[in-house]
Each structure stands twice: as C-alpha cells, then as structure tokens.
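Structure file entry_18.cif (mmCIF, C-alpha atoms) is printed below.
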```cif
data_run
loop_
_atom_site.label_atom_id
_atom_site.label_comp_id
_atom_site.auth_asym_id
_atom_site.auth_seq_id
_atom_site.Cartn_x
_atom_site.Cartn_y
_atom_site.Cartn_z
CA ARG W 1233 0.00 0.00 0.00
CA PHE W 1234 2.82 2.40 0.88
CA ARG W 1235 4.53 1.66 -2.45
CA GLU W 1236 1.48 2.86 -4.36
CA ARG W 1237 1.12 5.94 -2.16
CA LEU W 1238 4.80 6.75 -2.69
CA LYS W 1239 4.52 6.39 -6.46
CA TRP W 1240 1.66 8.88 -6.39
CA PHE W 1241 3.56 11.25 -4.04
CA VAL W 1242 6.58 11.61 -6.37
CA GLY W 1243 4.43 11.89 -9.53
CA ARG W 1244 4.51 14.81 -11.94
CA ASP W 1245 1.38 16.56 -10.68
CA GLN W 1246 2.35 16.10 -7.02
CA MET W 1247 5.99 16.48 -5.86
CA ASN W 1248 7.42 15.74 -9.32
CA VAL W 1249 10.69 14.07 -8.29
CA ASP W 1250 12.13 13.50 -11.73
CA GLY W 1251 13.67 10.08 -12.38
CA LEU W 1252 11.91 8.12 -9.64
CA GLY W 1253 10.06 5.57 -11.74
CA GLU W 1254 7.87 2.78 -10.42
CA ASP W 1255 10.47 0.02 -10.76
CA LEU W 1256 13.11 2.07 -8.96
CA ILE W 1257 10.67 2.88 -6.15
CA ASP W 1258 9.97 -0.84 -5.74
CA ASP W 1259 13.70 -1.51 -5.40
CA LEU W 1260 14.22 1.38 -2.97
CA VAL W 1261 11.38 0.13 -0.76
CA ASP W 1262 12.68 -3.45 -0.94
CA GLU W 1263 16.14 -2.29 0.15
CA GLY W 1264 14.71 -0.29 3.04
CA GLN W 1265 15.93 3.05 1.68
CA VAL W 1266 12.42 4.51 1.60
CA ALA W 1267 9.98 3.75 4.39
CA ARG W 1268 8.37 7.19 4.76
CA PHE W 1269 7.56 10.05 2.40
CA ALA W 1270 10.36 12.20 3.82
CA ASP W 1271 12.97 9.56 2.93
CA VAL W 1272 12.69 10.76 -0.68
CA PHE W 1273 14.57 13.87 0.45
CA ARG W 1274 17.23 12.00 2.44
CA PHE W 1275 18.80 9.67 -0.09
CA ASP W 1276 22.31 8.42 0.47
CA PRO W 1277 23.97 9.07 -2.94
CA GLN W 1278 25.90 5.80 -3.09
CA ARG W 1279 22.95 3.64 -2.07
CA LEU W 1280 20.63 5.43 -4.50
CA ASN W 1281 23.11 4.89 -7.33
CA ARG W 1282 23.40 1.20 -6.44
CA ALA W 1283 19.60 0.78 -6.41
CA LEU W 1284 19.32 2.56 -9.75
CA MET W 1285 21.95 0.33 -11.40
CA VAL W 1286 20.45 -2.83 -9.90
CA SER W 1287 16.99 -1.85 -11.15
CA ARG W 1288 18.28 -1.29 -14.67
CA ALA W 1289 20.30 -4.53 -14.63
CA ARG W 1290 17.31 -6.55 -13.45
CA LYS W 1291 15.09 -5.18 -16.22
CA ARG W 1292 17.75 -5.87 -18.88
CA ALA W 1293 18.31 -9.41 -17.63
CA GLN W 1294 14.59 -10.19 -17.65
CA LYS W 1295 14.22 -8.77 -21.14
CA GLN W 1296 17.19 -10.78 -22.45
CA HIS W 1297 16.26 -13.93 -20.43
CA ALA W 1298 19.71 -13.73 -18.83
CA ASN W 1299 20.81 -14.72 -15.33
CA VAL W 1300 19.28 -12.04 -13.11
CA GLU W 1301 21.50 -12.70 -10.08
CA GLN W 1302 24.65 -12.46 -12.17
CA LYS W 1303 23.58 -9.21 -13.85
CA VAL W 1304 22.63 -7.69 -10.50
CA ALA W 1305 26.00 -8.68 -8.99
CA GLU W 1306 27.81 -7.08 -11.93
CA ALA W 1307 25.74 -3.90 -11.51
CA ILE W 1308 26.62 -3.70 -7.81
CA ALA W 1309 30.31 -4.09 -8.63
CA ARG W 1310 30.11 -1.28 -11.20
CA ALA W 1311 28.28 0.98 -8.76
CA GLU W 1312 30.92 0.46 -6.08
CA LYS W 1313 33.74 1.07 -8.54
CA HIS W 1314 32.50 4.15 -10.39
CA GLY W 1315 30.63 6.12 -7.73
CA VAL W 1316 27.50 8.18 -8.25
CA GLY W 1317 26.33 8.33 -11.87
CA ASP W 1318 24.61 11.17 -13.69
CA GLN W 1319 21.12 9.66 -13.44
CA ALA W 1320 21.37 9.18 -9.69
CA GLN W 1321 22.76 12.68 -9.29
CA GLY W 1322 19.84 14.04 -11.29
CA ILE W 1323 17.35 12.34 -8.95
CA LEU W 1324 19.22 13.69 -5.93
CA ASP W 1325 19.17 17.21 -7.36
CA ALA W 1326 15.44 17.01 -8.14
CA ALA W 1327 14.61 15.78 -4.65
CA ALA W 1328 16.92 18.21 -2.91
CA THR W 1329 15.93 21.39 -4.73
CA ALA W 1330 12.80 21.79 -6.84
CA ALA W 1331 10.66 19.12 -5.17
CA ARG W 1332 11.36 20.51 -1.70
CA GLU W 1333 10.05 23.92 -2.73
CA ARG W 1334 6.71 23.03 -4.29
CA GLY W 1335 4.65 24.16 -1.30
CA LEU W 1336 1.75 22.97 0.81
CA ALA W 1337 -0.81 22.34 -1.95
CA ARG W 1338 1.43 19.92 -3.85
CA VAL W 1339 2.31 18.09 -0.62
CA LEU W 1340 -1.36 17.71 0.27
CA ALA W 1341 -2.21 16.50 -3.23
CA GLY W 1342 0.49 13.85 -2.95
CA LEU W 1343 -0.34 12.37 0.43
CA GLY W 1344 -3.36 10.38 -0.70
CA ILE W 1345 -5.76 11.97 1.78
CA ARG W 1346 -9.27 10.69 1.11
CA HIS W 1347 -11.29 13.15 -1.03
CA VAL W 1348 -8.27 15.50 -1.47
CA GLY W 1349 -7.05 15.79 -5.05
CA ALA W 1350 -5.24 18.70 -6.69
CA SER W 1351 -8.26 21.03 -6.62
CA ALA W 1352 -9.16 20.40 -2.97
CA ALA W 1353 -5.49 20.68 -1.98
CA LYS W 1354 -5.31 24.14 -3.53
CA THR W 1355 -8.52 25.16 -1.78
CA LEU W 1356 -7.01 24.11 1.55
CA ALA W 1357 -3.72 25.90 0.87
CA ARG W 1358 -5.46 29.13 -0.12
CA ARG W 1359 -7.35 29.19 3.19
CA PHE W 1360 -4.70 27.74 5.53
CA ARG W 1361 -1.29 29.23 4.79
CA SER W 1362 0.86 26.60 6.52
CA ALA W 1363 0.73 23.01 7.73
CA GLY W 1364 0.46 24.35 11.29
CA GLU W 1365 -2.63 26.40 10.43
CA LEU W 1366 -4.16 23.43 8.65
CA LEU W 1367 -3.60 21.10 11.61
CA ALA W 1368 -5.52 23.55 13.78
CA ALA W 1369 -8.50 23.74 11.38
CA THR W 1370 -11.90 22.69 12.66
CA GLU W 1371 -14.44 20.62 10.79
CA GLU W 1372 -16.72 23.68 10.67
CA GLN W 1373 -13.98 25.75 8.99
CA LEU W 1374 -13.37 22.98 6.47
CA ALA W 1375 -17.07 22.60 5.67
CA ALA W 1376 -17.27 26.33 4.91
CA LEU W 1377 -14.69 26.06 2.11
CA ASP W 1378 -15.79 26.31 -1.51
CA ASP W 1379 -16.46 22.91 -3.09
CA PHE W 1380 -16.16 21.17 0.32
CA GLY W 1381 -19.21 19.26 1.43
CA GLU W 1382 -19.84 17.63 4.77
CA VAL W 1383 -18.33 14.31 3.68
CA THR W 1384 -15.04 15.87 2.52
CA ALA W 1385 -14.82 18.15 5.56
CA ARG W 1386 -15.41 15.24 7.93
CA SER W 1387 -12.82 13.07 6.16
CA VAL W 1388 -10.12 15.77 6.15
CA ALA W 1389 -10.84 16.75 9.76
CA ALA W 1390 -10.49 13.11 10.85
CA TRP W 1391 -7.16 12.79 9.03
CA LEU W 1392 -5.82 16.02 10.51
CA ALA W 1393 -6.80 14.91 14.00
CA GLY W 1394 -4.87 11.65 13.71
CA ASP W 1395 -1.27 10.98 14.67
CA GLU W 1396 -0.32 10.19 11.06
CA ALA W 1397 -0.87 13.75 9.86
CA LYS W 1398 1.28 15.26 12.62
CA ARG W 1399 4.02 12.70 12.06
CA ILE W 1400 4.11 13.16 8.29
CA PHE W 1401 4.23 16.96 8.47
CA ALA W 1402 6.93 16.91 11.19
CA ASP W 1403 8.95 14.38 9.20
CA LEU W 1404 8.72 16.37 5.96
CA ALA W 1405 9.63 19.59 7.77
CA SER W 1406 12.73 17.94 9.26
CA ALA W 1407 13.74 16.93 5.72
CA GLY W 1408 13.55 20.57 4.61
CA VAL W 1409 10.28 20.35 2.67
CA ASP W 1410 8.41 23.66 2.35
CA LEU W 1411 5.04 23.29 4.10
CA ASP W 1412 3.90 26.88 3.58
CA SER W 1413 1.28 27.78 0.99
CA ARG W 1414 2.39 29.09 -2.38
CA GLU W 1415 -1.14 29.55 -3.63
CA PRO W 1416 -2.29 33.09 -4.50
CA MET W 1417 -4.36 34.81 -1.86
CA PRO W 1418 -8.08 34.89 -2.67
CA VAL W 1419 -9.15 37.80 -4.88
CA ALA W 1420 -12.32 39.60 -3.85
CA ALA W 1421 -15.35 38.79 -5.98
CA GLY W 1422 -15.93 41.52 -8.56
CA ALA W 1423 -12.31 42.70 -8.50
CA ASN W 1424 -11.90 41.54 -12.11
CA ALA W 1425 -13.69 39.38 -14.69
CA PHE W 1426 -12.39 36.15 -13.09
CA ALA W 1427 -12.48 36.74 -9.33
CA GLY W 1428 -15.05 34.70 -7.48
CA ARG W 1429 -16.17 32.82 -10.59
CA THR W 1430 -15.87 29.06 -11.01
CA PHE W 1431 -14.25 27.66 -14.16
CA VAL W 1432 -13.91 24.11 -15.46
CA VAL W 1433 -11.23 23.29 -18.05
CA THR W 1434 -11.66 20.26 -20.32
CA GLY W 1435 -10.61 18.84 -23.68
CA THR W 1436 -7.42 19.41 -25.67
CA LEU W 1437 -6.54 23.10 -25.99
CA GLU W 1438 -4.60 24.44 -28.96
CA ARG W 1439 -1.83 26.52 -27.40
CA LEU W 1440 -1.75 25.78 -23.67
CA GLY W 1441 -2.07 22.71 -21.50
CA ARG W 1442 -4.92 22.44 -19.03
CA THR W 1443 -2.51 22.79 -16.11
CA GLU W 1444 -1.20 26.08 -17.51
CA VAL W 1445 -4.72 27.41 -18.09
CA THR W 1446 -5.69 26.42 -14.57
CA GLU W 1447 -2.72 28.31 -13.12
CA ILE W 1448 -3.53 31.43 -15.16
CA LEU W 1449 -7.14 31.40 -14.01
CA GLU W 1450 -6.23 30.86 -10.37
CA ARG W 1451 -3.69 33.69 -10.39
CA ALA W 1452 -6.48 35.93 -11.69
CA GLY W 1453 -8.68 34.96 -8.75
CA ALA W 1454 -10.88 32.33 -10.35
CA LYS W 1455 -11.79 29.02 -8.79
CA VAL W 1456 -11.12 25.98 -10.98
CA ALA W 1457 -13.27 22.90 -10.35
CA GLY W 1458 -13.00 19.41 -11.76
CA SER W 1459 -16.63 18.91 -12.74
CA VAL W 1460 -19.49 20.94 -14.21
CA SER W 1461 -22.40 21.84 -11.92
CA LYS W 1462 -24.91 24.61 -11.35
CA LYS W 1463 -22.12 26.53 -9.60
CA THR W 1464 -19.96 26.57 -12.75
CA SER W 1465 -19.60 30.05 -14.27
CA VAL W 1466 -17.60 29.18 -17.41
CA LEU W 1467 -16.45 26.02 -19.17
CA VAL W 1468 -13.18 26.32 -21.11
CA ALA W 1469 -13.57 23.59 -23.72
CA GLY W 1470 -10.96 22.29 -26.13
CA ALA W 1471 -11.24 19.51 -28.69
CA GLU W 1472 -12.99 16.29 -27.61
CA ALA W 1473 -14.50 17.95 -24.55
CA GLY W 1474 -17.00 15.12 -24.15
CA SER W 1475 -19.46 14.81 -21.27
CA LYS W 1476 -18.44 18.03 -19.51
CA LEU W 1477 -19.35 20.03 -22.61
CA ALA W 1478 -22.70 18.27 -22.85
CA LYS W 1479 -23.39 18.95 -19.19
CA ALA W 1480 -22.50 22.64 -19.57
CA GLN W 1481 -24.81 22.96 -22.57
CA GLU W 1482 -27.60 21.25 -20.62
CA LEU W 1483 -27.19 23.69 -17.70
CA GLY W 1484 -26.75 26.77 -19.87
CA VAL W 1485 -23.21 27.42 -18.67
CA GLU W 1486 -21.13 29.92 -20.66
CA ILE W 1487 -18.62 28.11 -22.90
#
```

Give the structure from this file in structure tokens form.
Amino acid sequence: RFRERLKWFVGRDQMNVDGLGEDLIDDLVDEGQVARFADVFRFDPQRLNRALMVSRARKRAQKQHANVEQKVAEAIARAEKHGVGDQAQGILDAAATAARERGLARVLAGLGIRHVGASAAKTLARRFRSAGELLAATEEQLAALDDFGEVTARSVAAWLAGDEAKRIFADLASAGVDLDSREPMPVAAGANAFAGRTFVVTGTLERLGRTEVTEILERAGAKVAGSVSKKTSVLVAGAEAGSKLAKAQELGVEI
C-alpha cells in the first residue's frame, strides 16, 4: 500500500521528483531506503546509485532472459567502482531542490488523503497558509470552504486529528520540505472578470495545456473545479470535450 502511495507522491502533478520511476521505487522500498515520504529527500547518494543500477540490470536481464543474479552482482560491482552516476545525481538534485520547494498544496495533493485531489489541496492551501494552520482547522472551517461538502470536511478533519498527519508533516519539515502555501491569496469577488467565478477546463486546448490554463485562471482569482455543476460560471472547452461540454450545454453554462 505504501509503495502505491509513494509512487503517487513523487508523480509529476504532485511532488514531481524526476527520475523516480515505479520500478526504482519498488527496489528502494525493498532495500529499506524509503519507508516514509520524507525519505525521498534524504537519499544516500551511493545507495541510491546502487539501487538505480540494480533496477536497470534486473530489467535488462529479464528482457534478455539472462541470469538475473549475475547481472545484478555485476551492476553492484560497477556501482561500487564508479561512484555516483549522472542519473542518480539528477534524482538527488530534483529531490533536494525543486521538489522541496513546491509548497503545501502539492504536498497535500500527494499524500493520498481521502477526497483530497489537486483542486481540494489548492482550496485548503489558499485558506490555511501553513501546515500548522491546517492542523488547527476545525471541521466547521473545512465545511465552509468552496467545493467542500460535509463528507469531505469530515474526512479531512479526521485525518488532521490523527497521529499520522502530525508525524508526516513533522517528518517532511525535518527533511527541509516547504510546508507553507504558495497559492495566490483569494481575490475579492468583482475585482476583475475572473475573481469569485468558477471555471472548469476540459478537452485538448490548442496553445496551452490544461494545467497552464488552470494556473492562469487561479492567479487571476478564479476558482477551478473538476466537474461541471450549477455553480460553474464558465467552461473552457478544447477539442474532444466530451461529457463536460454536454453537461455545460444542458445547464446553460457559458462556454
């Protein structure tokens, strides 16, 4: 279970630790190098390089129907002889610099908290500007957030009240991970054409990716939701928009 949570945590839309693929994560967990989320930011360079070379050797041996144990032994010998390679160094750099600085919303999106995806994580980080503030949040405060219903508020409140949340945040902080919010402060409704309005982005856009469009809208004060409802102000629809476009047309949402 932890393996799958870790693979999600380091993914592109979460902490985005470049180079940590699924096979390598399996090997790192098997070797005991990663037992907690924060261990991603505490790699020993030599051991990481060894795990990387072993993982590659195992895959090559399986593909070539060669002796796996022999190929792995040869990989370990090369790792001990040549030191840290470029690929391992790249993973170390990604974990030590960019991934540490992604901020509270990306951390929350990566932890696998029930009902908390990227959108809900941003909502939380806009309201609570640090992990400490979030840990002190009440269920009533959570239920008052945009797009948070009673079920989501209750689930998040229960997670925050547990020992796991406190341990994870303390562990990540000790590893130098930024747990402050980097989300723009809320813009007052009516301050511009976007503030206080709810957008949904779907389909394939011509010049920008959906993530880029979402960031532009949020910086302008808009709220970006994942599904179309009566609360949706505008649907931004690219090619092959599908069911969200049909729903917006049914509800009379501006497109």

Residue contacts of range 1379-1392 of chain W (9 Å, all atoms listed in the file) excluding same-chain residues fewer than 5 positions away, as a list in words: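 In the requested form, the answer reads Ile1345, Arg1346, His1347, Val1348, Ala1352, Thr1355, Leu1366, Leu1367, Ala1368, Ala1369, Thr1370, Glu1371, Glu1372, Gln1373, Leu1374, Ala1397, Lys1398 and Ala1457 of chain W.
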
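A straight line drawn from CA of Gly1322 in chain W to CA of Ala1350 in chain W is 25.9 Å long.
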
Hits of the PyMOL selection byres ((chain W and resi 1329) around 12) in this structure, as a list in words: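 For this structure, the PyMOL selection byres ((chain W and resi 1329) around 12) captures Met1247, Asn1248, Val1249, Asp1250, Val1272, Phe1273, Arg1274, Gln1321, Gly1322, Ile1323, Leu1324, Asp1325, Ala1326, Ala1327, Ala1328, Ala1330, Ala1331, Arg1332, Glu1333, Arg1334, Ala1407, Gly1408, Val1409 and Asp1410 of chain W.
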
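If you apply the PyMOL selection byres ((chain W and resi 1413) around 10) to this structure, you end up with Arg1334, Gly1335, Leu1336, Ala1337, Arg1338, Val1339, Lys1354, Leu1356, Ala1357, Arg1358, Arg1359, Phe1360, Arg1361, Ser1362, Ala1363, Asp1410, Leu1411, Asp1412, Arg1414, Glu1415, Pro1416 and Met1417 of chain W.
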
Produce a file of the selected residues containing C-alpha atoms, as an mmCIF file, in the frame of the given file.
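Result written to result.cif:
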```cif
data_model
loop_
_atom_site.group_PDB
_atom_site.id
_atom_site.type_symbol
_atom_site.label_atom_id
_atom_site.label_comp_id
_atom_site.auth_asym_id
_atom_site.auth_seq_id
_atom_site.Cartn_x
_atom_site.Cartn_y
_atom_site.Cartn_z
ATOM 1 C CA ARG W 1334 6.710 23.030 -4.290
ATOM 2 C CA GLY W 1335 4.650 24.160 -1.300
ATOM 3 C CA LEU W 1336 1.750 22.970 0.810
ATOM 4 C CA ALA W 1337 -0.810 22.340 -1.950
ATOM 5 C CA ARG W 1338 1.430 19.920 -3.850
ATOM 6 C CA VAL W 1339 2.310 18.090 -0.620
ATOM 7 C CA LYS W 1354 -5.310 24.140 -3.530
ATOM 8 C CA LEU W 1356 -7.010 24.110 1.550
ATOM 9 C CA ALA W 1357 -3.720 25.900 0.870
ATOM 10 C CA ARG W 1358 -5.460 29.130 -0.120
ATOM 11 C CA ARG W 1359 -7.350 29.190 3.190
ATOM 12 C CA PHE W 1360 -4.700 27.740 5.530
ATOM 13 C CA ARG W 1361 -1.290 29.230 4.790
ATOM 14 C CA SER W 1362 0.860 26.600 6.520
ATOM 15 C CA ALA W 1363 0.730 23.010 7.730
ATOM 16 C CA ASP W 1410 8.410 23.660 2.350
ATOM 17 C CA LEU W 1411 5.040 23.290 4.100
ATOM 18 C CA ASP W 1412 3.900 26.880 3.580
ATOM 19 C CA ARG W 1414 2.390 29.090 -2.380
ATOM 20 C CA GLU W 1415 -1.140 29.550 -3.630
ATOM 21 C CA PRO W 1416 -2.290 33.090 -4.500
ATOM 22 C CA MET W 1417 -4.360 34.810 -1.860
#
```

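From CA of Leu1404 in chain W back to CA of Ala1270 in chain W, the distance works out to 5.0 Å.
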
Atomic separation - CA of Phe1234 in chain W relative to CA of Gln1278 in chain W, Å: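 That distance, rounded to one decimal, is 23.7 Å.
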
May I have the residues within 8 Å of Val1261 in chain W as number ranges by chain, using all atoms listed in the file and disregarding those fewer than 5 positions away in the same chain? W: 1235, 1266-1267

Rebuild range 1262-1273 of chain W so that it carries all heavy atoms, then output the result as an mmCIF file, keeping the file's coordinate frame.
```
data_model
loop_
_atom_site.group_PDB
_atom_site.id
_atom_site.type_symbol
_atom_site.label_atom_id
_atom_site.label_comp_id
_atom_site.auth_asym_id
_atom_site.auth_seq_id
_atom_site.Cartn_x
_atom_site.Cartn_y
_atom_site.Cartn_z
ATOM 1 N N ASP W 1262 12.185 -2.120 -1.280
ATOM 2 C CA ASP W 1262 12.680 -3.450 -0.940
ATOM 3 C C ASP W 1262 13.991 -3.386 -0.160
ATOM 4 O O ASP W 1262 14.227 -4.179 0.763
ATOM 5 C CB ASP W 1262 12.914 -4.275 -2.223
ATOM 6 C CG ASP W 1262 11.608 -4.735 -2.860
ATOM 7 O OD1 ASP W 1262 10.584 -4.754 -2.147
ATOM 8 O OD2 ASP W 1262 11.619 -5.062 -4.063
ATOM 9 N N GLU W 1263 14.857 -2.419 -0.517
ATOM 10 C CA GLU W 1263 16.140 -2.290 0.150
ATOM 11 C C GLU W 1263 16.057 -1.515 1.465
ATOM 12 O O GLU W 1263 17.059 -1.344 2.161
ATOM 13 C CB GLU W 1263 17.153 -1.586 -0.773
ATOM 14 C CG GLU W 1263 17.589 -2.443 -1.950
ATOM 15 C CD GLU W 1263 18.818 -1.881 -2.632
ATOM 16 O OE1 GLU W 1263 19.362 -0.865 -2.157
ATOM 17 O OE2 GLU W 1263 19.249 -2.476 -3.628
ATOM 18 N N GLY W 1264 14.875 -1.027 1.792
ATOM 19 C CA GLY W 1264 14.710 -0.290 3.040
ATOM 20 C C GLY W 1264 15.190 1.144 2.994
ATOM 21 O O GLY W 1264 15.308 1.804 4.028
ATOM 22 N N GLN W 1265 15.468 1.661 1.785
ATOM 23 C CA GLN W 1265 15.930 3.050 1.680
ATOM 24 C C GLN W 1265 14.784 4.039 1.849
ATOM 25 O O GLN W 1265 15.009 5.185 2.248
ATOM 26 C CB GLN W 1265 16.590 3.290 0.315
ATOM 27 C CG GLN W 1265 17.966 2.684 0.181
ATOM 28 C CD GLN W 1265 18.750 3.367 -0.924
ATOM 29 O OE1 GLN W 1265 18.920 4.582 -0.929
ATOM 30 N NE2 GLN W 1265 19.221 2.582 -1.874
ATOM 31 N N VAL W 1266 13.583 3.623 1.500
ATOM 32 C CA VAL W 1266 12.420 4.510 1.600
ATOM 33 C C VAL W 1266 11.326 3.795 2.382
ATOM 34 O O VAL W 1266 10.761 2.809 1.907
ATOM 35 C CB VAL W 1266 11.896 4.921 0.208
ATOM 36 C CG1 VAL W 1266 10.699 5.853 0.356
ATOM 37 C CG2 VAL W 1266 12.989 5.591 -0.607
ATOM 38 N N ALA W 1267 11.049 4.308 3.565
ATOM 39 C CA ALA W 1267 9.980 3.750 4.390
ATOM 40 C C ALA W 1267 8.940 4.795 4.748
ATOM 41 O O ALA W 1267 7.879 4.468 5.263
ATOM 42 C CB ALA W 1267 10.563 3.147 5.668
ATOM 43 N N ARG W 1268 9.275 6.072 4.481
ATOM 44 C CA ARG W 1268 8.370 7.190 4.760
ATOM 45 C C ARG W 1268 8.504 8.191 3.618
ATOM 46 O O ARG W 1268 9.491 8.206 2.895
ATOM 47 C CB ARG W 1268 8.741 7.860 6.088
ATOM 48 C CG ARG W 1268 8.632 6.939 7.285
ATOM 49 C CD ARG W 1268 9.112 7.598 8.564
ATOM 50 N NE ARG W 1268 10.528 7.926 8.532
ATOM 51 C CZ ARG W 1268 11.182 8.442 9.565
ATOM 52 N NH1 ARG W 1268 10.548 8.699 10.687
ATOM 53 N NH2 ARG W 1268 12.463 8.700 9.463
ATOM 54 N N PHE W 1269 7.514 9.056 3.469
ATOM 55 C CA PHE W 1269 7.560 10.050 2.400
ATOM 56 C C PHE W 1269 8.832 10.891 2.476
ATOM 57 O O PHE W 1269 9.462 11.196 1.459
ATOM 58 C CB PHE W 1269 6.338 10.971 2.477
ATOM 59 C CG PHE W 1269 5.036 10.301 2.153
ATOM 60 C CD1 PHE W 1269 4.035 10.201 3.107
ATOM 61 C CD2 PHE W 1269 4.802 9.760 0.899
ATOM 62 C CE1 PHE W 1269 2.824 9.591 2.819
ATOM 63 C CE2 PHE W 1269 3.599 9.142 0.596
ATOM 64 C CZ PHE W 1269 2.602 9.057 1.563
ATOM 65 N N ALA W 1270 9.218 11.303 3.659
ATOM 66 C CA ALA W 1270 10.360 12.200 3.820
ATOM 67 C C ALA W 1270 11.673 11.563 3.389
ATOM 68 O O ALA W 1270 12.647 12.270 3.086
ATOM 69 C CB ALA W 1270 10.456 12.674 5.272
ATOM 70 N N ASP W 1271 11.727 10.230 3.336
ATOM 71 C CA ASP W 1271 12.970 9.560 2.930
ATOM 72 C C ASP W 1271 13.362 9.902 1.502
ATOM 73 O O ASP W 1271 14.532 9.769 1.128
ATOM 74 C CB ASP W 1271 12.825 8.047 3.077
ATOM 75 C CG ASP W 1271 12.775 7.604 4.534
ATOM 76 O OD1 ASP W 1271 13.188 8.390 5.406
ATOM 77 O OD2 ASP W 1271 12.303 6.479 4.794
ATOM 78 N N VAL W 1272 12.404 10.342 0.698
ATOM 79 C CA VAL W 1272 12.690 10.760 -0.680
ATOM 80 C C VAL W 1272 13.670 11.922 -0.695
ATOM 81 O O VAL W 1272 14.415 12.111 -1.666
ATOM 82 C CB VAL W 1272 11.374 11.151 -1.397
ATOM 83 C CG1 VAL W 1272 11.634 11.846 -2.716
ATOM 84 C CG2 VAL W 1272 10.517 9.911 -1.612
ATOM 85 N N PHE W 1273 13.700 12.696 0.379
ATOM 86 C CA PHE W 1273 14.570 13.870 0.450
ATOM 87 C C PHE W 1273 15.813 13.623 1.284
ATOM 88 O O PHE W 1273 16.542 14.554 1.618
ATOM 89 C CB PHE W 1273 13.778 15.052 1.025
ATOM 90 C CG PHE W 1273 12.492 15.302 0.291
ATOM 91 C CD1 PHE W 1273 11.295 14.803 0.775
ATOM 92 C CD2 PHE W 1273 12.480 16.000 -0.907
ATOM 93 C CE1 PHE W 1273 10.104 15.011 0.086
ATOM 94 C CE2 PHE W 1273 11.303 16.206 -1.604
ATOM 95 C CZ PHE W 1273 10.117 15.711 -1.105
#
```
